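A.B. asks: Would you mind keeping the following structure in view while I ask a few things?
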Amino acid sequence: MTTDGGAVAAGRQHAAGHESYLAAKGARSWLLTVDHKRIGIMYLASVVLALLAGGVFALLIRTELLFPGQTMMDAKTYNELFTLHGIIMVFLFIIPSIPASLGNFFLPMMLGAKDVAFPRLNLTSYYLYVIGAVMALAGILAYQVDTGWTFYVPYSSGQVGAGGTYADDSVLFMTAAVFVAGFSSILTGVNFIATTHTMRAPGLHWKRMPLFVWALYATSIMQVLATPVLALTLLLLFMEKLVGVGIFDPRMGGDPVLYQHFFWFYSHPAVYIMILPGFGVVSELIATFSRRKIFGYSFVAMASVALALLSFLVWGHHMFASGMSEFASMAFSALTFLVAIPSAVKVFNWVATLYKGDVWLTTPMLYALAFVVLFTIGGLTGLFLGTLAVNIHVHDTYFVVAHFHFVMVGGTVMGFIGGLHYWWPKITGKMYAETPSKLAWALIFVGFNVTFLTQFVLGTQGMPRRYFDYPEHFHRLHGFSSVGSYVLGLGFLLEVVVFVHSLAKGERAPPNPWGSAGYEWQTATPPVKDNFVAQPVVWRGPYDYHLATDEELFDGFPEEAEENRAPPEAP
Amino acid sequence: MSQPEGTLQLPPQLSTLAPTVDWIYYFLYWVSVVFFVGIVGTMVWYVIKYRRRPGHRAEPTGHAPNLELFWTFTPLILLVLLFHWGFQGYMQGAVPPPSARQVRVRGVQWTWTFEHANGVPESGELTVPLGEPVRLVMSSEDVIHSFFVPAFRVKRDVVPGIYTTLWFEATALTHHYDRDESTTCRRDADCGEGRYCVDSAEALDRRVCASRASCEARDDCPGDHACVNGQCETPVEVYCAEYCGAPAGATGNAGHSAMLSSIHVVTPDAYQRLLDEGPPMPPECEGTEDPLACWGRDLYMKNCIACHNTDGVTAVPGPNFAGLWGRSEQLATGESVVVDENYVRESILQPQAKVVAGYEQIVMPPFRFSDRQIDATIAYLKSLERQGP
């Protein structure tokens with residue numbers, strides 16, 4: 001995208017009057033902002049905090065499992081820790097991670113818009129997220145919740161007997177917290193859908209939309225449709241507790257398996273809410289660093305939408321061992337295999353994009369390639385889980401743990417960190433140090449594989465998940481996995497150092513350090529408050545490198561480029 | 001014939017279902033390897049071949065609709081096959097043969113209890129016959145558990161409020177047997193007391209007499225066998241696979257991860273003896289001064305100690321056992337009775353038939369003891385009399 005000759009001239013004149021979105025100072029200018037970029041940054045800070053906290057809990061879990069027997073905590077504490085890890089990572093990190101931080105920042109810029117459609121709603125959804133997060137953490141600590149992130153009844157609803165060590169209503173409180181955080185997703189979803197439909201720049205028709213926008217659009221539809229089921233579940237739980245209608249509790253004639261249906265009817269689409277934005281980021285990265293339009297653009301865009309729709313039909317594949325009827329298992333298994341098609345098509349298209357490209361191995365590109373490798377493993381092991389006979393053996397074992405970490409961490413987290421490196425110069429106006437971040441990438445990639453490839457074998461050997469202790473013959477694999485997790489932790493630590501160093505001492509970033517043809521790069525770095533100094537007019541697609549001018553690709557925003565071109569010479 | 005061994009990826013195949021599941025598993029595994037090498041290999045090759053360098057430029061992306069249609073629809077063939085095989089294997093595991101022996105399984109935080117078809121109970125561990133289908137009918141008394149036997153490739157949630165079932169047919173004995181290859185036999189009875197008729201290690205179509213090795217520690221046993229209940233054995237491991245919590249303040253392994261059990265696979269005749277006679281005498285009692293009393297003490301510790309003391313003092317909630325044997329008791333009806341063999345037997349099987357005066361309010365549940373277990377209990381009561389309070 002560029003502006004035509006006249007618009008560029010106008011841009012130059014106005015540029016002086018537009019200041020950077022970071023110009024305003026003071027807490028008030030952040031906490032009450034309605035600028036999507038600042039809200040994006042607040043989300044970014046929050047989800048990174050959640051990621052680090054969840055990561056520390058993960059390391060504690062792996063340390064307990066380093067040796068058989070009690071290593072550093074008792075069984076109950078261990079159960080509380082993996083519950084904390086799960087809830088924080090799923091609800092406070094992964095679900096909002098890419099859409100609410102990078103999505104908030106770049107969706108309007110990629111559409112050539114000044115802001116999202118409803119800026120105040122955007123701020124509201126951030127505060128709902130914060131309230132939900134505080135409620136969740138307070139609930140976990142107050143009730144010492146040890147139910148796992150799935151809150152399965154009747155364990156979570158309290159019981160007679162030895163296990164009744166927590167308050168009865170913890171599950172109500174936790175569901176309420178997730179519900180509030182869920183409302184934040186719904187509002188963000190509504191906002192993004194409206195923005196995508198109504199705020200596109202002139203000339204930006206649907207087939208010119210960046211694939212990141214397509215992915216966010218599909219994600220938003222799922223958030224709006226799936227999250228209300230959570231509210232429904234909460235209502236039923238309240239009815240059971242307060243009115244005494246037996247719905248889930250077997251002691252009142254309820255059906256605990258029904259709860260699992262409700263839970264996964266939300267949480268399975270949620271899995272795609274977590275991964276689709278990652279797909280979007282990776283499409284951007286691979287296109288930019290291959291300097292080529294994504295192969296099969298329409299297939300990739302439509303695959304996102306297809307996954308969004310299919311994700312509502314496969315929740316039962318979490319329940320093949322639950323006592324559900326054989327007929328239902330058959331139907332859910334068949335539908336589950338359909339999900340493999342759009343996922344595989346995306347991978348094929350990403351690889352095909354590299355063909356005859358000009359592949360530039362920057363850190364973000366390395367993360368994108370790691371994404372393809374790890375997501376391929378995550379996807380292929382999904383076939384094992386979709387195949388009924390094999391599912392029965394590996395269900396509820398470390399195989400499942402490894403599978404979803406490959407998809408969620410190997411997928412979403414790689415996409416998130418890759419995207420963060422990619423857009424970091426645009427967001428902060430600073431460059432990061434390339435060599436240390438490549439080292440961090442290597443540590444993360446190796447550490448991740450050592451940790452979780454090992455867990456596939458643990459799972460096929462029969463090691464159940466959520467075990468505080470294990471028989472001696474699993475020791476070697478568990479120890480190996482724990483050592484891998486330390487390498488992984490070291491990699492993340494190094495990334496934190498890289499980003500903090502960049503903020504403090506990073507070089508000033510040029511407007512378009514990657515020479516990207518993406519729309520969001522065609523403005524100042526960091527962007528001006530209104531994103532663009534004049535209304536952009538789109539006349540080519542976001543990946544049309546052969547149509548983009550050298551000025552767009554290498555200089556980005558013209559005014560900034562001129563300043564950069566003539567650096568003051570040292571005396 | 002020694003026990004089958006596991007592979008790097010999968011535990012040993014100890015049920016008829018296991019080969020089916022493993023075949024599909026390895027098919028998936030090799031499909032995955034081919035796809036992974038294909039995708040990642042191509043990716044790495046492109047990254048090297050089309051790397052950024054001076055004078056090199058990307059070519060604009062073209063269209064190849066046929067290629068895209070090809071790789072969208074051909075994987076469907078593979079997926080249909082996978083679904084088909086997976087569903088077939090699943091149904092094999094879901095439908096037990098009509099001849100299957102039935103065992104009731106109850107899950108409760110954090111133990112499993114078992115009851116065989118004729119009511120013979122087993123606590124904590126399950127014994128099943130070799131080569132006969134066994135169907136478990138399972139229920140939970142508190143939260144959701146899941147009965148998982150990796151070596152059998154079976155798993156099923158155990159849900160409060162409903163029955164769930166699973167079945168398996170074990171294909172290998174779990175104890176270590178010292179075979180006498182010079183013999184031939186058809187049933188255990190052909191081999192005499194304490195010996196078993198098992199498949200020959202040398203010929204496929206022959207069965208020979210064998211005895212189980214007894215042991216005191218793991219070092220006494222050959223190979224990887226452990227010393228279980230005084231005999232060398234590698235029992236089949238059972239796990240609870242559905243998270244079910246842990247007690248607060250417990251040290252060491254507790255709760256969900258301690259809800260373990262094991263399955264002993266024995267000869268069909270040995271299983272039949274278990275059904276007829278109830279569980280056998282614990283091997284550690286064999287060879288003691290009074291083996292029967294030792295067994296009786298074991299039964300007392302597992303079943304009676306909650307209500308009956310043996311210190312000669314405490315007589316609540318149930319009568320004290322010390323000095324009880326041979327005593328004349330006043331019944332609630334006013335009659336009196338001597339504590340002899342028949343009275344003890346009746347009090348175990350039908351506790352409410354003759355209630356001692358003063359215990360009218362206490363309702364003792366009936367216990368399903370086999371004849372030999374009752375004999376053992378009697379021997380234990382007698383031994384208490386001899387030793388005095």
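Letters A, B, ... mark the chains of the structure tokens in the order given; residue numbers begin at 1 per chain; ligand numbers begin at 1, in order shown.
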With only C-alpha atoms as the counted atoms, please give the residues lying no more than 7 Å from Arg153 of chain B, apart from itself and same-chain residues fewer than 3 positions off, as a list of chain:residue names.
C.D. replies: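 Contacts, with the query itself left out: A:His393, B:Leu17, B:Ala18, B:Val149, B:Pro150.
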A.B. asks: Output as JSON lines one row per residue of chain A within 7 Å of chain B: the closest atom pair and its distance in Å to one decimal place, counting only C-alpha atoms, sorted by chain and residue number ascending.
C.D. replies:
{"residue": "A:Gly69", "atom": "CA", "partner": "B:Gly252", "partner_atom": "CA", "distance": 6.1}
{"residue": "A:Gln70", "atom": "CA", "partner": "B:Gly252", "partner_atom": "CA", "distance": 5.1}
{"residue": "A:Asp74", "atom": "CA", "partner": "B:Thr251", "partner_atom": "CA", "distance": 5.7}
{"residue": "A:Ala75", "atom": "CA", "partner": "B:Ala254", "partner_atom": "CA", "distance": 6.2}
{"residue": "A:Lys76", "atom": "CA", "partner": "B:Ala246", "partner_atom": "CA", "distance": 5.4}
{"residue": "A:Pro154", "atom": "CA", "partner": "B:Val143", "partner_atom": "CA", "distance": 5.5}
{"residue": "A:Tyr155", "atom": "CA", "partner": "B:Val143", "partner_atom": "CA", "distance": 5.3}
{"residue": "A:Ala162", "atom": "CA", "partner": "B:Pro247", "partner_atom": "CA", "distance": 6.4}
{"residue": "A:Gly163", "atom": "CA", "partner": "B:Pro247", "partner_atom": "CA", "distance": 5.8}
{"residue": "A:Thr165", "atom": "CA", "partner": "B:Ala248", "partner_atom": "CA", "distance": 6.6}
{"residue": "A:Pro250", "atom": "CA", "partner": "B:Gly161", "partner_atom": "CA", "distance": 5.2}
{"residue": "A:Arg291", "atom": "CA", "partner": "B:Ala58", "partner_atom": "CA", "distance": 6.1}
{"residue": "A:Arg292", "atom": "CA", "partner": "B:Pro60", "partner_atom": "CA", "distance": 6.0}
{"residue": "A:Lys293", "atom": "CA", "partner": "B:Thr61", "partner_atom": "CA", "distance": 5.7}
{"residue": "A:Phe295", "atom": "CA", "partner": "B:Thr61", "partner_atom": "CA", "distance": 6.2}
{"residue": "A:Ala321", "atom": "CA", "partner": "B:Arg156", "partner_atom": "CA", "distance": 5.0}
{"residue": "A:Ser322", "atom": "CA", "partner": "B:Asp157", "partner_atom": "CA", "distance": 5.0}
{"residue": "A:Gly323", "atom": "CA", "partner": "B:Thr164", "partner_atom": "CA", "distance": 6.0}
{"residue": "A:Met330", "atom": "CA", "partner": "B:Phe87", "partner_atom": "CA", "distance": 6.6}
{"residue": "A:Ser333", "atom": "CA", "partner": "B:Phe83", "partner_atom": "CA", "distance": 6.9}
{"residue": "A:Ala334", "atom": "CA", "partner": "B:Phe83", "partner_atom": "CA", "distance": 6.3}
{"residue": "A:Phe337", "atom": "CA", "partner": "B:Leu79", "partner_atom": "CA", "distance": 6.2}
{"residue": "A:Ile341", "atom": "CA", "partner": "B:Thr72", "partner_atom": "CA", "distance": 6.4}
{"residue": "A:Val345", "atom": "CA", "partner": "B:Thr72", "partner_atom": "CA", "distance": 6.2}
{"residue": "A:Val351", "atom": "CA", "partner": "B:Met43", "partner_atom": "CA", "distance": 5.5}
{"residue": "A:Leu354", "atom": "CA", "partner": "B:Tyr46", "partner_atom": "CA", "distance": 6.0}
{"residue": "A:Tyr355", "atom": "CA", "partner": "B:Tyr46", "partner_atom": "CA", "distance": 5.9}
{"residue": "A:Lys356", "atom": "CA", "partner": "B:Glu59", "partner_atom": "CA", "distance": 5.8}
{"residue": "A:Gly357", "atom": "CA", "partner": "B:Ala58", "partner_atom": "CA", "distance": 4.2}
{"residue": "A:Asp358", "atom": "CA", "partner": "B:Ala58", "partner_atom": "CA", "distance": 4.8}
{"residue": "A:Val359", "atom": "CA", "partner": "B:Arg51", "partner_atom": "CA", "distance": 4.5}
{"residue": "A:Trp360", "atom": "CA", "partner": "B:Arg52", "partner_atom": "CA", "distance": 5.2}
{"residue": "A:Val373", "atom": "CA", "partner": "B:Val40", "partner_atom": "CA", "distance": 6.3}
{"residue": "A:Thr376", "atom": "CA", "partner": "B:Phe36", "partner_atom": "CA", "distance": 6.8}
{"residue": "A:Leu380", "atom": "CA", "partner": "B:Ser32", "partner_atom": "CA", "distance": 5.8}
{"residue": "A:Phe384", "atom": "CA", "partner": "B:Leu28", "partner_atom": "CA", "distance": 6.6}
{"residue": "A:Thr387", "atom": "CA", "partner": "B:Gly86", "partner_atom": "CA", "distance": 4.7}
{"residue": "A:Leu388", "atom": "CA", "partner": "B:Gly86", "partner_atom": "CA", "distance": 4.7}
{"residue": "A:Ala389", "atom": "CA", "partner": "B:Tyr90", "partner_atom": "CA", "distance": 4.4}
{"residue": "A:Val390", "atom": "CA", "partner": "B:Val21", "partner_atom": "CA", "distance": 5.9}
{"residue": "A:Ile392", "atom": "CA", "partner": "B:Lys155", "partner_atom": "CA", "distance": 5.9}
{"residue": "A:His393", "atom": "CA", "partner": "B:Arg153", "partner_atom": "CA", "distance": 5.0}
{"residue": "A:Asp396", "atom": "CA", "partner": "B:Ala241", "partner_atom": "CA", "distance": 5.9}
{"residue": "A:Val457", "atom": "CA", "partner": "B:Gln9", "partner_atom": "CA", "distance": 5.6}
{"residue": "A:Thr460", "atom": "CA", "partner": "B:Leu10", "partner_atom": "CA", "distance": 5.5}
{"residue": "A:Gln461", "atom": "CA", "partner": "B:Leu10", "partner_atom": "CA", "distance": 4.9}
{"residue": "A:Gly462", "atom": "CA", "partner": "B:Pro150", "partner_atom": "CA", "distance": 5.1}
{"residue": "A:Pro464", "atom": "CA", "partner": "B:Ala241", "partner_atom": "CA", "distance": 5.5}
{"residue": "A:Arg466", "atom": "CA", "partner": "B:Tyr243", "partner_atom": "CA", "distance": 6.4}
{"residue": "A:Tyr467", "atom": "CA", "partner": "B:Ser257", "partner_atom": "CA", "distance": 4.8}
{"residue": "A:Phe468", "atom": "CA", "partner": "B:Ser257", "partner_atom": "CA", "distance": 5.8}
{"residue": "A:Asp469", "atom": "CA", "partner": "B:Ser257", "partner_atom": "CA", "distance": 5.9}
{"residue": "A:His546", "atom": "CA", "partner": "B:Pro60", "partner_atom": "CA", "distance": 6.3}
A.B. asks: Based on the backbone DSSP call, show me all residues of segment 208-326 of chain B assigned helix (DSSP H, G or I), as a VMD selection string.
C.D. replies: chain B and resid 218 to 220 255 to 258 268 to 277 283 to 285 291 to 303
A.B. asks: Those residues with N, CA and C atoms, as a JSON list (two decimals), in the first residue's frame please?
C.D. replies:
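Full text of selection34.json as output:
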[["chain", "number", "residue", "atom", "x", "y", "z"],
["B", 218, "ARG", "N", 13.68, -58.34, 46.35],
["B", 218, "ARG", "CA", 13.78, -58.29, 44.91],
["B", 218, "ARG", "C", 14.99, -59.06, 44.38],
["B", 219, "ASP", "N", 16.05, -59.05, 45.18],
["B", 219, "ASP", "CA", 17.29, -59.71, 44.75],
["B", 219, "ASP", "C", 17.12, -61.22, 44.59],
["B", 220, "ASP", "N", 16.09, -61.77, 45.29],
["B", 220, "ASP", "CA", 15.87, -63.21, 45.19],
["B", 220, "ASP", "C", 15.27, -63.61, 43.85],
["B", 255, "GLY", "N", -3.00, -39.45, 47.36],
["B", 255, "GLY", "CA", -4.08, -38.99, 46.48],
["B", 255, "GLY", "C", -4.05, -39.65, 45.12],
["B", 256, "HIS", "N", -4.41, -38.84, 44.11],
["B", 256, "HIS", "CA", -4.54, -39.31, 42.73],
["B", 256, "HIS", "C", -3.37, -40.18, 42.27],
["B", 257, "SER", "N", -2.15, -39.69, 42.50],
["B", 257, "SER", "CA", -0.99, -40.43, 41.99],
["B", 257, "SER", "C", -0.67, -41.67, 42.82],
["B", 258, "ALA", "N", -1.36, -41.82, 43.97],
["B", 258, "ALA", "CA", -1.16, -43.02, 44.79],
["B", 258, "ALA", "C", -2.31, -43.99, 44.62],
["B", 268, "PRO", "N", -6.18, -70.45, 34.79],
["B", 268, "PRO", "CA", -7.64, -70.52, 34.98],
["B", 268, "PRO", "C", -8.01, -71.35, 36.20],
["B", 269, "ASP", "N", -7.25, -72.42, 36.45],
["B", 269, "ASP", "CA", -7.57, -73.25, 37.62],
["B", 269, "ASP", "C", -7.31, -72.50, 38.91],
["B", 270, "ALA", "N", -6.22, -71.75, 38.94],
["B", 270, "ALA", "CA", -5.92, -70.97, 40.15],
["B", 270, "ALA", "C", -6.99, -69.92, 40.37],
["B", 271, "TYR", "N", -7.51, -69.35, 39.27],
["B", 271, "TYR", "CA", -8.59, -68.37, 39.40],
["B", 271, "TYR", "C", -9.84, -69.04, 39.94],
["B", 272, "GLN", "N", -10.14, -70.23, 39.43],
["B", 272, "GLN", "CA", -11.32, -70.94, 39.91],
["B", 272, "GLN", "C", -11.20, -71.24, 41.40],
["B", 273, "ARG", "N", -9.96, -71.61, 41.85],
["B", 273, "ARG", "CA", -9.75, -71.85, 43.28],
["B", 273, "ARG", "C", -10.00, -70.59, 44.09],
["B", 274, "LEU", "N", -9.60, -69.44, 43.52],
["B", 274, "LEU", "CA", -9.86, -68.17, 44.21],
["B", 274, "LEU", "C", -11.36, -67.97, 44.38],
["B", 275, "LEU", "N", -12.12, -68.27, 43.32],
["B", 275, "LEU", "CA", -13.58, -68.09, 43.40],
["B", 275, "LEU", "C", -14.17, -69.07, 44.41],
["B", 276, "ASP", "N", -13.67, -70.33, 44.43],
["B", 276, "ASP", "CA", -14.24, -71.35, 45.31],
["B", 276, "ASP", "C", -13.85, -71.14, 46.76],
["B", 277, "GLU", "N", -12.59, -70.83, 46.97],
["B", 277, "GLU", "CA", -12.07, -70.82, 48.33],
["B", 277, "GLU", "C", -11.81, -69.43, 48.86],
["B", 283, "PRO", "N", 1.36, -65.73, 51.38],
["B", 283, "PRO", "CA", 2.56, -66.57, 51.36],
["B", 283, "PRO", "C", 3.46, -66.35, 52.57],
["B", 284, "GLU", "N", 3.44, -65.13, 53.15],
["B", 284, "GLU", "CA", 4.35, -64.92, 54.28],
["B", 284, "GLU", "C", 3.95, -65.73, 55.51],
["B", 285, "CYS", "N", 2.70, -66.26, 55.53],
["B", 285, "CYS", "CA", 2.28, -67.07, 56.67],
["B", 285, "CYS", "C", 2.73, -68.51, 56.55],
["B", 291, "PRO", "N", 0.42, -71.26, 60.84],
["B", 291, "PRO", "CA", 0.10, -70.50, 59.62],
["B", 291, "PRO", "C", -1.34, -70.02, 59.57],
["B", 292, "LEU", "N", -2.26, -70.87, 60.06],
["B", 292, "LEU", "CA", -3.67, -70.50, 59.99],
["B", 292, "LEU", "C", -3.96, -69.27, 60.86],
["B", 293, "ALA", "N", -3.39, -69.25, 62.05],
["B", 293, "ALA", "CA", -3.60, -68.11, 62.95],
["B", 293, "ALA", "C", -2.97, -66.85, 62.37],
["B", 294, "CYS", "N", -1.82, -67.03, 61.69],
["B", 294, "CYS", "CA", -1.16, -65.89, 61.04],
["B", 294, "CYS", "C", -2.07, -65.28, 59.98],
["B", 295, "TRP", "N", -2.71, -66.18, 59.20],
["B", 295, "TRP", "CA", -3.64, -65.72, 58.18],
["B", 295, "TRP", "C", -4.83, -65.03, 58.84],
["B", 296, "GLY", "N", -5.32, -65.65, 59.95],
["B", 296, "GLY", "CA", -6.45, -65.06, 60.65],
["B", 296, "GLY", "C", -6.13, -63.67, 61.17],
["B", 297, "ARG", "N", -4.90, -63.49, 61.62],
["B", 297, "ARG", "CA", -4.50, -62.18, 62.10],
["B", 297, "ARG", "C", -4.51, -61.17, 60.95],
["B", 298, "ASP", "N", -4.04, -61.62, 59.77],
["B", 298, "ASP", "CA", -4.04, -60.79, 58.58],
["B", 298, "ASP", "C", -5.48, -60.34, 58.25],
["B", 299, "LEU", "N", -6.42, -61.30, 58.32],
["B", 299, "LEU", "CA", -7.82, -60.98, 58.04],
["B", 299, "LEU", "C", -8.37, -60.02, 59.10],
["B", 300, "TYR", "N", -7.99, -60.27, 60.37],
["B", 300, "TYR", "CA", -8.44, -59.40, 61.46],
["B", 300, "TYR", "C", -7.98, -57.97, 61.22],
["B", 301, "MET", "N", -6.69, -57.83, 60.83],
["B", 301, "MET", "CA", -6.14, -56.49, 60.62],
["B", 301, "MET", "C", -6.86, -55.76, 59.49],
["B", 302, "LYS", "N", -7.31, -56.53, 58.48],
["B", 302, "LYS", "CA", -7.94, -55.89, 57.33],
["B", 302, "LYS", "C", -9.44, -55.65, 57.52],
["B", 303, "ASN", "N", -10.10, -56.48, 58.35],
["B", 303, "ASN", "CA", -11.55, -56.43, 58.38],
["B", 303, "ASN", "C", -12.17, -56.09, 59.73]]
A.B. asks: Please report the interatomic distance between atom CA of Glu181 of chain B and atom CA of Pro282 of chain B in Å with one decimal.
C.D. replies: 27.7 Å
A.B. asks: Within segment 10-252 of chain B, find each residue whose DSSP state, derived from the backbone, is strand (DSSP E), and express the selection as a PyMOL selection string.
C.D. replies: chain B and resi 101-108+111-116+121-123+125-129+133-140+145-149+154-158+164-169+177-180+196-199+207-212+226-228+231-233+236-240
A.B. asks: Can you write out the residues you just picked, keeping C-alpha atoms, as a PDB file, in the first residue's frame?
C.D. replies:
ATOM      1  CA  ARG B 101     -16.369 -63.286  33.474  1.00  0.00           C
ATOM      2  CA  GLN B 102     -17.682 -60.310  35.389  1.00  0.00           C
ATOM      3  CA  VAL B 103     -15.918 -58.351  38.117  1.00  0.00           C
ATOM      4  CA  ARG B 104     -17.421 -55.399  39.979  1.00  0.00           C
ATOM      5  CA  VAL B 105     -14.959 -52.535  40.455  1.00  0.00           C
ATOM      6  CA  ARG B 106     -15.520 -49.701  42.898  1.00  0.00           C
ATOM      7  CA  GLY B 107     -13.398 -46.576  42.865  1.00  0.00           C
ATOM      8  CA  VAL B 108     -13.228 -44.458  45.985  1.00  0.00           C
ATOM      9  CA  THR B 111      -8.312 -47.058  46.350  1.00  0.00           C
ATOM     10  CA  TRP B 112      -9.887 -49.649  44.107  1.00  0.00           C
ATOM     11  CA  THR B 113     -11.919 -52.569  45.450  1.00  0.00           C
ATOM     12  CA  PHE B 114     -12.978 -55.609  43.455  1.00  0.00           C
ATOM     13  CA  GLU B 115     -15.692 -58.207  43.815  1.00  0.00           C
ATOM     14  CA  HIS B 116     -15.739 -61.342  41.697  1.00  0.00           C
ATOM     15  CA  PRO B 121     -13.925 -59.746  47.361  1.00  0.00           C
ATOM     16  CA  GLU B 122     -10.422 -58.508  46.700  1.00  0.00           C
ATOM     17  CA  SER B 123      -9.164 -55.267  48.097  1.00  0.00           C
ATOM     18  CA  GLU B 125      -5.470 -55.772  43.843  1.00  0.00           C
ATOM     19  CA  LEU B 126      -7.266 -57.826  41.218  1.00  0.00           C
ATOM     20  CA  THR B 127      -6.674 -61.432  40.158  1.00  0.00           C
ATOM     21  CA  VAL B 128      -7.816 -62.530  36.693  1.00  0.00           C
ATOM     22  CA  PRO B 129      -7.519 -65.771  34.717  1.00  0.00           C
ATOM     23  CA  PRO B 133     -12.249 -62.469  28.766  1.00  0.00           C
ATOM     24  CA  VAL B 134     -12.995 -60.442  31.897  1.00  0.00           C
ATOM     25  CA  ARG B 135     -15.545 -57.657  31.962  1.00  0.00           C
ATOM     26  CA  LEU B 136     -15.257 -54.957  34.620  1.00  0.00           C
ATOM     27  CA  VAL B 137     -18.440 -53.217  35.723  1.00  0.00           C
ATOM     28  CA  MET B 138     -17.276 -50.068  37.415  1.00  0.00           C
ATOM     29  CA  SER B 139     -18.759 -47.363  39.586  1.00  0.00           C
ATOM     30  CA  SER B 140     -17.448 -44.574  41.747  1.00  0.00           C
ATOM     31  CA  HIS B 145     -11.814 -41.859  38.514  1.00  0.00           C
ATOM     32  CA  SER B 146     -10.480 -43.687  35.499  1.00  0.00           C
ATOM     33  CA  PHE B 147      -9.343 -47.307  35.345  1.00  0.00           C
ATOM     34  CA  PHE B 148      -6.236 -47.429  33.171  1.00  0.00           C
ATOM     35  CA  VAL B 149      -4.177 -50.529  32.368  1.00  0.00           C
ATOM     36  CA  VAL B 154      -7.639 -50.166  28.071  1.00  0.00           C
ATOM     37  CA  LYS B 155      -8.954 -47.146  29.920  1.00  0.00           C
ATOM     38  CA  ARG B 156     -12.397 -46.081  31.033  1.00  0.00           C
ATOM     39  CA  ASP B 157     -13.627 -43.324  33.305  1.00  0.00           C
ATOM     40  CA  VAL B 158     -15.334 -44.481  36.499  1.00  0.00           C
ATOM     41  CA  THR B 164     -19.139 -47.888  32.988  1.00  0.00           C
ATOM     42  CA  THR B 165     -17.564 -51.056  31.668  1.00  0.00           C
ATOM     43  CA  LEU B 166     -14.434 -52.278  30.016  1.00  0.00           C
ATOM     44  CA  TRP B 167     -13.140 -55.714  29.128  1.00  0.00           C
ATOM     45  CA  PHE B 168      -9.845 -57.397  28.406  1.00  0.00           C
ATOM     46  CA  GLU B 169      -8.357 -60.831  27.933  1.00  0.00           C
ATOM     47  CA  TYR B 177       7.346 -69.938  37.209  1.00  0.00           C
ATOM     48  CA  ASP B 178      10.087 -72.526  37.497  1.00  0.00           C
ATOM     49  CA  ARG B 179       9.047 -75.012  34.821  1.00  0.00           C
ATOM     50  CA  ASP B 180       9.670 -78.723  34.951  1.00  0.00           C
ATOM     51  CA  TYR B 196       0.570 -74.986  38.298  1.00  0.00           C
ATOM     52  CA  CYS B 197       0.059 -76.153  34.736  1.00  0.00           C
ATOM     53  CA  VAL B 198       1.530 -73.515  32.426  1.00  0.00           C
ATOM     54  CA  ASP B 199       2.638 -73.241  28.789  1.00  0.00           C
ATOM     55  CA  ARG B 207       1.872 -77.526  28.921  1.00  0.00           C
ATOM     56  CA  VAL B 208       4.127 -78.424  31.790  1.00  0.00           C
ATOM     57  CA  CYS B 209       4.028 -78.337  35.586  1.00  0.00           C
ATOM     58  CA  ALA B 210       5.691 -75.407  37.260  1.00  0.00           C
ATOM     59  CA  SER B 211       6.017 -73.853  40.677  1.00  0.00           C
ATOM     60  CA  ARG B 212       6.210 -70.216  41.713  1.00  0.00           C
ATOM     61  CA  ALA B 226       9.724 -57.792  41.894  1.00  0.00           C
ATOM     62  CA  CYS B 227       8.992 -59.615  45.122  1.00  0.00           C
ATOM     63  CA  VAL B 228       5.210 -59.263  45.568  1.00  0.00           C
ATOM     64  CA  GLN B 231       6.501 -64.418  45.279  1.00  0.00           C
ATOM     65  CA  CYS B 232       8.472 -63.270  42.264  1.00  0.00           C
ATOM     66  CA  GLU B 233       6.096 -61.396  40.025  1.00  0.00           C
ATOM     67  CA  VAL B 236       0.212 -55.580  35.536  1.00  0.00           C
ATOM     68  CA  GLU B 237       0.112 -51.939  36.613  1.00  0.00           C
ATOM     69  CA  VAL B 238      -3.193 -50.142  37.075  1.00  0.00           C
ATOM     70  CA  TYR B 239      -3.407 -46.348  37.315  1.00  0.00           C
ATOM     71  CA  CYS B 240      -6.161 -43.888  38.042  1.00  0.00           C
TER      72      CYS B 240
END
A.B. asks: Give me, as a list in words, all polymer residues having an atom no more than 7 Å from segment 91-107 of chain A, counting only C-alpha atoms and skipping those fewer than 5 positions away in the same chain.
C.D. replies: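 Once the adjacent positions are removed, what remains is His36, Lys37, Gly40, Ile41, Tyr43, Leu44, Val47, Ala50, Leu51, Ala133, Val213, Leu216, Ile273, Met274, Pro277, Phe416 and Glu520 of chain A.
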A.B. asks: Just how far from atom CA of Pro280 of chain B is atom CA of His308 of chain B, in Å to one decimal?
C.D. replies: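 Computing the Euclidean distance for atom CA of His308 of chain B and atom CA of Pro280 of chain B yields 23.5 Å.
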A.B. asks: For Phe67 of chain A, please output as a list in words all residues within 9 Å (counting only C-alpha atoms; exclusion window: fewer than 4 positions along the same chain).
C.D. replies: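 Selected residues are Thr63, Thr71, Asp469, Tyr470, Glu472, His475, His478 and Gly479 of chain A.
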